[in-house]
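Participant: Contents of structure-v5.csv (CSV, C-alpha atoms):
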```csv
chain,number,residue,atom,x,y,z
A,1011,MET,CA,19.3,10.7,7.5
A,1012,LEU,CA,17.3,7.7,6.3
A,1013,LEU,CA,16.2,9.3,3.0
A,1014,HIS,CA,19.8,10.4,2.2
A,1015,ARG,CA,21.1,6.9,2.8
A,1016,LEU,CA,18.3,5.3,0.8
A,1017,GLN,CA,18.9,7.7,-2.2
A,1018,GLU,CA,22.6,6.8,-2.2
A,1019,ARG,CA,21.7,3.1,-2.4
A,1020,THR,CA,19.0,3.4,-5.0
A,1021,ARG,CA,19.5,3.7,-8.7
A,1022,ILE,CA,17.1,5.1,-11.2
A,1023,GLN,CA,15.3,2.2,-12.9
A,1024,ARG,CA,12.5,1.9,-15.4
A,1025,GLY,CA,9.4,0.0,-14.5
A,1026,ILE,CA,9.8,0.1,-10.8
A,1027,GLU,CA,7.9,2.6,-8.6
A,1028,ILE,CA,9.3,3.3,-5.2
A,1029,VAL,CA,7.0,5.1,-2.7
A,1030,ILE,CA,8.0,6.2,0.7
A,1031,ALA,CA,5.5,7.1,3.4
A,1032,PRO,CA,7.1,9.1,6.2
A,1033,SER,CA,5.3,10.8,9.1
A,1034,THR,CA,3.2,13.8,8.3
A,1035,LEU,CA,5.6,16.1,10.1
A,1036,VAL,CA,8.3,15.7,7.5
A,1037,LEU,CA,6.2,15.4,4.3
A,1038,GLN,CA,6.6,19.0,3.3
A,1039,PRO,CA,10.4,19.2,3.7
A,1040,LEU,CA,10.9,15.8,2.0
A,1041,SER,CA,8.8,16.9,-0.9
A,1042,ILE,CA,11.5,19.4,-1.7
A,1043,GLN,CA,14.5,17.2,-0.9
A,1044,ILE,CA,13.3,14.0,-2.6
A,1045,ASP,CA,14.7,12.8,-5.9
A,1046,ARG,CA,11.5,12.5,-7.8
A,1047,ARG,CA,13.2,10.5,-10.5
A,1048,LYS,CA,13.6,7.7,-7.9
A,1049,PHE,CA,10.8,8.1,-5.4
A,1050,ARG,CA,7.2,9.2,-4.9
A,1051,LEU,CA,5.7,10.3,-1.6
A,1052,ALA,CA,2.7,8.9,0.3
A,1053,ALA,CA,1.0,10.0,3.5
A,1054,GLN,CA,0.3,7.5,6.2
A,1055,ASN,CA,-3.2,8.8,6.9
A,1056,ALA,CA,-5.5,11.7,6.3
A,1057,PHE,CA,-8.9,13.0,7.4
A,1058,TYR,CA,-11.9,12.6,5.1
A,1059,LYS,CA,-13.4,16.1,5.4
A,1060,ASP,CA,-11.9,18.7,3.1
A,1061,GLU,CA,-12.7,21.6,5.4
A,1062,GLY,CA,-14.3,22.4,8.7
A,1063,ALA,CA,-13.6,22.7,12.4
A,1064,PHE,CA,-11.6,19.5,13.0
A,1065,THR,CA,-8.7,20.6,15.2
A,1066,GLY,CA,-5.5,18.7,14.7
A,1067,GLU,CA,-6.6,16.8,11.6
A,1068,VAL,CA,-4.8,16.9,8.2
A,1069,SER,CA,-7.2,16.6,5.3
A,1070,PHE,CA,-6.6,15.1,1.9
A,1071,SER,CA,-7.1,18.5,0.4
A,1072,MET,CA,-4.1,19.7,2.4
A,1073,LEU,CA,-2.0,16.9,1.0
A,1074,ARG,CA,-2.9,17.0,-2.7
A,1075,ASP,CA,0.1,19.0,-3.8
A,1076,LEU,CA,2.6,17.1,-1.6
A,1077,VAL,CA,1.9,13.4,-2.2
A,1078,HIS,CA,0.9,10.9,-4.9
A,1079,TYR,CA,-0.6,8.4,-2.5
A,1080,VAL,CA,-2.3,8.1,0.9
A,1081,ILE,CA,-2.4,4.9,2.9
A,1082,VAL,CA,-6.0,4.2,3.9
A,1083,GLY,CA,-7.4,1.5,6.2
A,1084,HIS,CA,-4.1,0.3,7.6
A,1085,SER,CA,-4.6,-2.4,10.3
A,1086,GLU,CA,-3.1,-0.2,13.0
A,1087,ARG,CA,-5.6,2.5,12.1
A,1088,ARG,CA,-8.5,0.0,12.3
A,1089,ILE,CA,-7.3,-1.5,15.6
A,1090,TYR,CA,-5.9,1.4,17.5
A,1091,PHE,CA,-8.1,4.2,16.3
A,1092,GLY,CA,-11.3,2.4,15.7
A,1093,GLU,CA,-11.6,3.2,12.0
A,1094,THR,CA,-14.8,1.6,10.7
A,1095,LEU,CA,-15.7,0.4,7.2
A,1096,PRO,CA,-17.8,3.5,6.5
A,1097,MET,CA,-15.0,5.8,7.7
A,1098,ILE,CA,-12.5,4.0,5.4
A,1099,ARG,CA,-15.0,4.3,2.5
A,1100,ASP,CA,-15.2,8.1,3.1
A,1101,LYS,CA,-11.4,8.3,3.2
A,1102,VAL,CA,-11.1,6.5,-0.1
A,1103,GLN,CA,-13.6,8.8,-1.7
A,1104,ALA,CA,-11.8,11.9,-0.2
A,1105,ALA,CA,-8.5,10.7,-1.7
A,1106,VAL,CA,-10.1,10.2,-5.2
A,1107,ARG,CA,-11.9,13.6,-4.9
A,1108,ASN,CA,-8.5,15.3,-4.2
A,1109,GLU,CA,-6.7,13.4,-7.0
A,1110,ILE,CA,-4.6,11.4,-4.7
A,1111,ALA,CA,-4.3,7.6,-5.3
A,1112,PRO,CA,-5.5,5.6,-2.2
A,1113,ILE,CA,-3.5,2.6,-1.1
A,1114,LEU,CA,-6.3,0.6,0.5
A,1115,CYS,CA,-5.1,-1.9,3.1
A,1116,VAL,CA,-7.3,-5.0,3.6
A,1117,GLY,CA,-6.7,-8.1,5.7
A,1118,GLU,CA,-8.0,-10.5,8.3
A,1119,THR,CA,-7.0,-11.1,11.9
A,1120,GLU,CA,-5.6,-14.5,13.1
A,1121,GLN,CA,-8.9,-15.4,14.6
A,1122,GLU,CA,-10.9,-14.5,11.5
A,1123,ARG,CA,-8.6,-16.8,9.5
A,1124,LYS,CA,-8.9,-19.6,12.0
A,1125,ASP,CA,-12.7,-19.3,11.8
A,1126,GLY,CA,-12.6,-19.5,8.0
A,1127,HIS,CA,-13.8,-15.9,7.6
A,1128,THR,CA,-10.9,-14.5,5.5
A,1129,LYS,CA,-12.9,-14.2,2.2
A,1130,GLN,CA,-15.9,-12.7,3.9
A,1131,VAL,CA,-13.7,-10.1,5.7
A,1132,ILE,CA,-11.9,-9.2,2.5
A,1133,HIS,CA,-15.3,-9.0,0.6
A,1134,ASP,CA,-16.8,-6.6,3.2
A,1135,GLN,CA,-13.6,-4.4,3.3
A,1136,ILE,CA,-13.4,-4.1,-0.5
A,1137,THR,CA,-17.1,-3.7,-1.3
A,1138,THR,CA,-17.6,-1.0,1.3
A,1139,ALA,CA,-14.4,0.9,0.5
A,1140,LEU,CA,-15.0,1.0,-3.3
A,1141,SER,CA,-18.7,2.0,-3.1
A,1142,ASN,CA,-19.7,5.0,-5.2
A,1143,LEU,CA,-16.5,5.0,-7.2
A,1144,THR,CA,-16.2,4.9,-11.0
A,1145,SER,CA,-14.2,2.4,-13.0
A,1146,SER,CA,-11.6,5.1,-13.7
A,1147,ASP,CA,-11.2,5.8,-10.0
A,1148,ILE,CA,-10.6,2.1,-9.2
A,1149,SER,CA,-8.1,1.7,-12.0
A,1150,GLY,CA,-5.9,4.3,-10.5
A,1151,MET,CA,-5.8,3.0,-6.9
A,1152,VAL,CA,-3.8,0.4,-5.1
A,1153,ILE,CA,-5.1,-2.4,-2.9
A,1154,ALA,CA,-2.7,-3.9,-0.4
A,1155,TYR,CA,-3.4,-7.3,1.2
A,1156,GLU,CA,-2.1,-7.0,4.7
A,1157,PRO,CA,-3.0,-10.0,6.9
A,1158,VAL,CA,-3.0,-8.7,10.5
A,1159,TRP,CA,-1.5,-12.0,11.7
A,1160,ALA,CA,1.5,-11.6,9.5
A,1161,ILE,CA,2.5,-8.1,10.5
A,1162,SER,CA,5.5,-7.8,12.9
A,1163,THR,CA,3.6,-5.5,15.2
A,1164,PHE,CA,1.0,-8.2,15.9
A,1165,GLY,CA,3.2,-11.3,16.0
A,1166,GLY,CA,4.6,-11.5,12.5
A,1167,GLN,CA,3.9,-15.0,11.4
A,1168,LEU,CA,5.3,-15.5,7.9
A,1169,ALA,CA,2.5,-16.0,5.4
A,1170,LYS,CA,3.0,-18.7,2.8
A,1171,PRO,CA,3.0,-17.5,-0.8
A,1172,SER,CA,0.1,-20.0,-1.5
A,1173,GLN,CA,-2.0,-18.2,1.2
A,1174,VAL,CA,-1.2,-14.8,-0.2
A,1175,ALA,CA,-1.9,-16.0,-3.8
A,1176,GLU,CA,-5.4,-17.2,-2.8
A,1177,VAL,CA,-6.4,-13.9,-1.2
A,1178,ILE,CA,-4.9,-11.8,-4.1
A,1179,ALA,CA,-7.0,-13.9,-6.5
A,1180,HIS,CA,-10.0,-13.3,-4.3
A,1181,ILE,CA,-9.4,-9.5,-4.3
A,1182,ARG,CA,-9.2,-9.4,-8.0
A,1183,SER,CA,-12.4,-11.5,-8.2
A,1184,GLN,CA,-14.2,-9.0,-6.0
A,1185,VAL,CA,-13.1,-6.1,-8.1
A,1186,GLU,CA,-14.1,-7.9,-11.2
A,1187,GLN,CA,-17.6,-8.6,-9.8
A,1188,LEU,CA,-18.0,-4.9,-9.0
A,1189,TYR,CA,-16.3,-3.3,-12.0
A,1190,GLY,CA,-15.5,-5.9,-14.6
A,1191,ALA,CA,-12.5,-7.9,-15.8
A,1192,LYS,CA,-10.6,-4.9,-17.4
A,1193,VAL,CA,-10.6,-2.9,-14.2
A,1194,ALA,CA,-9.7,-6.0,-12.1
A,1195,ALA,CA,-6.7,-6.5,-14.3
A,1196,ALA,CA,-5.7,-2.8,-14.1
A,1197,VAL,CA,-5.8,-2.3,-10.3
A,1198,ARG,CA,-2.5,-2.8,-8.6
A,1199,VAL,CA,-2.5,-5.3,-5.8
A,1200,LEU,CA,0.4,-5.4,-3.2
A,1201,TYR,CA,1.3,-7.7,-0.4
A,1202,GLY,CA,2.4,-6.5,3.0
A,1203,GLY,CA,3.3,-8.5,6.1
A,1204,SER,CA,6.8,-8.9,7.5
A,1205,VAL,CA,8.3,-8.4,4.0
A,1206,ASP,CA,12.1,-8.2,3.9
A,1207,GLU,CA,14.9,-8.5,1.4
A,1208,ASP,CA,14.9,-12.3,1.9
A,1209,THR,CA,11.2,-13.0,1.5
A,1210,VAL,CA,10.0,-10.3,-0.9
A,1211,ARG,CA,10.9,-12.3,-4.1
A,1212,GLY,CA,8.6,-15.2,-3.1
A,1213,TYR,CA,5.7,-12.8,-2.9
A,1214,LEU,CA,6.5,-10.8,-6.0
A,1215,GLU,CA,6.5,-14.0,-8.0
A,1216,ILE,CA,2.9,-14.6,-7.1
A,1217,GLU,CA,0.6,-14.2,-10.1
A,1218,GLY,CA,-1.3,-10.9,-9.8
A,1219,CYS,CA,1.0,-9.5,-7.1
A,1220,ASP,CA,2.3,-6.1,-8.3
A,1221,GLY,CA,4.5,-5.1,-5.4
A,1222,ALA,CA,5.0,-5.0,-1.7
A,1223,LEU,CA,3.9,-2.8,1.2
A,1224,VAL,CA,6.9,-2.7,3.4
A,1225,GLY,CA,6.7,-2.1,7.1
A,1226,GLY,CA,9.5,-2.4,9.6
A,1227,ALA,CA,12.1,-3.3,7.0
A,1228,SER,CA,11.6,0.1,5.4
A,1229,LEU,CA,13.2,1.8,8.4
A,1230,ASN,CA,16.5,0.1,7.6
A,1231,PRO,CA,18.0,1.6,4.4
A,1232,TYR,CA,20.1,-1.5,3.8
A,1233,LYS,CA,17.0,-3.8,4.1
A,1234,PHE,CA,14.8,-1.5,2.0
A,1235,ALA,CA,17.4,-1.1,-0.7
A,1236,GLY,CA,17.7,-4.9,-0.7
A,1237,ILE,CA,14.0,-5.2,-1.3
A,1238,ILE,CA,14.2,-2.7,-4.1
A,1239,ASP,CA,17.1,-4.6,-5.7
A,1240,ALA,CA,15.1,-7.9,-5.5
A,1241,ALA,CA,12.2,-6.2,-7.4
A,1242,TYR,CA,14.6,-4.8,-10.0
A,1243,ARG,CA,16.2,-8.2,-10.6
A,1244,LEU,CA,12.9,-10.0,-10.9
A,1245,ARG,CA,11.5,-7.5,-13.4
A,1246,HIS,CA,14.6,-7.7,-15.6
A,1247,GLU,CA,14.5,-11.5,-15.5
A,1248,LEU,CA,10.8,-11.4,-16.6
A,1249,THR,CA,11.1,-8.7,-19.2
A,1250,GLY,CA,14.6,-9.2,-20.5
A,1251,GLU,CA,15.2,-5.5,-20.4
A,1252,ASP,CA,18.7,-4.1,-20.0
A,1253,GLU,CA,19.4,-2.5,-16.6
```
Represent the structure of the file as structure tokens.

Facilitator:
Amino acid sequence: MLLHRLQERTRIQRGIEIVIAPSTLVLQPLSIQIDRRKFRLAAQNAFYKDEGAFTGEVSFSMLRDLVHYVIVGHSERRIYFGETLPMIRDKVQAAVRNEIAPILCVGETEQERKDGHTKQVIHDQITTALSNLTSSDISGMVIAYEPVWAISTFGGQLAKPSQVAEVIAHIRSQVEQLYGAKVAAAVRVLYGGSVDEDTVRGYLEIEGCDGALVGGASLNPYKFAGIIDAAYRLRHELTGEDE
């Protein structure tokens, strides 16, 4: 079992938060089996209405006692399931309403980058998703920069740290314009896009990057454990704390 193998290879460490996001089908049993000293749980998706006749949907209200986080606005949800900016806004609000921290995914396609529209796309995704939230709400959430062109599902070009750094700075600038410098500094910003144990350190060293949103590599316990170890090592190098 993937979780069992990962738990064997993961030590309890201070200052590093490890979140796993399995399919909805196994969230409940994993919530019992998981070592909560090491891991937190996230759902991959949820429906924005708390109640009603929505056959087959799993609402945020159903998940509130199972998970700490829910991924919202993942590129595959936007592309394959037609999730719009207003729909993602409603999901972010539903997460906050149910005391679950949203992991908001934002990012541009390859064509949008080629056309020079990256900053406008990020601006529209962030300003819509964060509308009608308080500063406290924003401080507790996570924003993941996930350029579609860098995801293995869609070609997996390796993003340069300089490219990622520019967009992360833009994300914090957008949050600052909406909620002020204190909130912009508090919100956690991750990078996701073909991250593995060999590339993750280069992204974690970017100023303002607080972690990684891991895709395909998370399905391999050895690769995922390598990513976690890289984060541990970097943190200890920067803080000087004993392991």

Participant: For a quick check of understanding, using only C-alpha atoms, which of A:Gln1135, A:Ser1183, A:Thr1209, A:Asn1230 has the smallest distance to Ile1098 of chain A?

Facilitator: A:Gln1135

Participant: Need the shell around Ala1031 of chain A: protein/DNA/RNA residues with any atom at most 7 Å away, counting all atoms listed in the file. Skip same-chain ones fewer than 3 positions apart. Format as a list in words?

Facilitator: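 Using all atoms listed in the file, the neighbours found are Leu1051, Ala1052, Ala1053 and Gln1054 of chain A.
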
Participant: List as a PDB file with C-alpha atoms, in the frame of the given file the protein and nucleic acid residues near segment 1231-1234 of chain A, meaning an atom at most 6 Å away when only C-alpha atoms are counted, but skip any in the same chain fewer than 2 places from it.

Facilitator:
```
ATOM      1  CA  LEU A1016      18.300   5.300   0.800  1.00  0.00           C
ATOM      2  CA  GLU A1207      14.900  -8.500   1.400  1.00  0.00           C
ATOM      3  CA  ALA A1227      12.100  -3.300   7.000  1.00  0.00           C
ATOM      4  CA  SER A1228      11.600   0.100   5.400  1.00  0.00           C
ATOM      5  CA  GLY A1236      17.700  -4.900  -0.700  1.00  0.00           C
ATOM      6  CA  ILE A1237      14.000  -5.200  -1.300  1.00  0.00           C
TER       7      ILE A1237
END
```

Participant: Looking at A:Lys1101, A:Asp1075, A:Arg1050, A:Gly1203, which one is nearest to Glu1118 of chain A, with distances taken over only C-alpha atoms?

Facilitator: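 Using only C-alpha atoms, the shortest distance to Glu1118 of chain A belongs to A:Gly1203.
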
Participant: Go through A:Asp1134, A:Glu1109, A:Asp1208, A:Glu1067 one by one, measure the shortest atom-to-atom distance of each to Asn1055 of chain A using all atoms listed in the file, and give the residue with the smallest value.

Facilitator: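 Ranked by minimum distance to Asn1055 of chain A, first place goes to A:Glu1067.
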
Participant: What does the structure give for the distance between atom CA of Phe1057 of chain A and atom CA of Ile1110 of chain A, in Å to one decimal?

Facilitator: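 Distance between the two atoms: 12.9 Å.
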
Participant: Just give me the residues with any atom within 12 Å of (12.8, -14.2, -11.1), file coordinates, counting all atoms listed in the file, written as a ChimeraX atom specification.

Facilitator: /A:1210-1216,1239-1250

Participant: For those residues, write C-alpha atoms to a file as a tab-separated table (two decimals), in the frame of the given file.

Facilitator:
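Final output, saved to result.tsv:
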```
chain	number	residue	atom	x	y	z
A	1210	VAL	CA	10.00	-10.30	-0.90
A	1211	ARG	CA	10.90	-12.30	-4.10
A	1212	GLY	CA	8.60	-15.20	-3.10
A	1213	TYR	CA	5.70	-12.80	-2.90
A	1214	LEU	CA	6.50	-10.80	-6.00
A	1215	GLU	CA	6.50	-14.00	-8.00
A	1216	ILE	CA	2.90	-14.60	-7.10
A	1239	ASP	CA	17.10	-4.60	-5.70
A	1240	ALA	CA	15.10	-7.90	-5.50
A	1241	ALA	CA	12.20	-6.20	-7.40
A	1242	TYR	CA	14.60	-4.80	-10.00
A	1243	ARG	CA	16.20	-8.20	-10.60
A	1244	LEU	CA	12.90	-10.00	-10.90
A	1245	ARG	CA	11.50	-7.50	-13.40
A	1246	HIS	CA	14.60	-7.70	-15.60
A	1247	GLU	CA	14.50	-11.50	-15.50
A	1248	LEU	CA	10.80	-11.40	-16.60
A	1249	THR	CA	11.10	-8.70	-19.20
A	1250	GLY	CA	14.60	-9.20	-20.50
```

Participant: Give the answer as one residue: which of A:Met1072, A:Leu1040, A:Ala1063, A:Val1158 has the shortest atom-to-atom distance to Glu1120 of chain A, using all atoms listed in the file?

Facilitator: A:Val1158

Participant: Near Phe1049 of chain A, within 9 Å and counting all atoms listed in the file, which residues show up once chain neighbours fewer than 2 positions away are dropped, as a PDB file with C-alpha atoms, keeping the file's coordinate frame?

Facilitator:
```pdb
ATOM      1  CA  GLN A1017      18.900   7.700  -2.200  1.00  0.00           C
ATOM      2  CA  GLU A1027       7.900   2.600  -8.600  1.00  0.00           C
ATOM      3  CA  ILE A1028       9.300   3.300  -5.200  1.00  0.00           C
ATOM      4  CA  VAL A1029       7.000   5.100  -2.700  1.00  0.00           C
ATOM      5  CA  ILE A1030       8.000   6.200   0.700  1.00  0.00           C
ATOM      6  CA  ILE A1044      13.300  14.000  -2.600  1.00  0.00           C
ATOM      7  CA  ASP A1045      14.700  12.800  -5.900  1.00  0.00           C
ATOM      8  CA  ARG A1046      11.500  12.500  -7.800  1.00  0.00           C
ATOM      9  CA  ARG A1047      13.200  10.500 -10.500  1.00  0.00           C
ATOM     10  CA  LEU A1051       5.700  10.300  -1.600  1.00  0.00           C
TER      11      LEU A1051
END
```

Participant: Within 10 Å of Asp1060 of chain A, counting all atoms listed in the file, which residues show up once you throw out same-chain ones fewer than 5 positions away? Write them as a ChimeraX atom specification, please.

Facilitator: /A:1068-1072,1104-1105,1107-1108

Participant: Would you mind reading off the distance between atom CA of Asn1142 of chain A and atom CA of Gln1103 of chain A, one decimal, in Å?

Facilitator: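 Between these atoms lies a distance of 8.0 Å.
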
Participant: Give me, as a ChimeraX atom specification, all polymer residues having an atom no more than 12 Å from His1084 of chain A, counting only C-alpha atoms and skipping those fewer than 5 positions away in the same chain.

Facilitator: /A:1053-1056,1089-1095,1098,1101,1112-1118,1135,1153-1158,1161,1202-1203,1223,1225

Participant: Tell me, in Å to one decimal, how far atom CA of Ile1081 of chain A is from atom CA of Gln1187 of chain A.

Facilitator: 24.0 Å

Participant: Show me as a list in words the residues that reach within 8 Å of (4.5, -14.9, 4.0), counting only C-alpha atoms and using the file's own coordinates.

Facilitator: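 Nearby residues: Ala1160, Gln1167, Leu1168, Ala1169, Lys1170, Pro1171, Gln1173, Val1174, Gly1203, Ser1204, Val1205, Thr1209 and Tyr1213 of chain A.
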
Participant: Counting all atoms listed in the file, which of A:His1078, A:Arg1015, A:Arg1021, A:Arg1099 gets nearest to Gly1150 of chain A?

Facilitator: A:His1078

Participant: Between A:Ala1196, A:Gly1066, A:Ser1033, A:Gln1043, which is the closest to Val1080 of chain A once you count only C-alpha atoms?

Facilitator: A:Ser1033
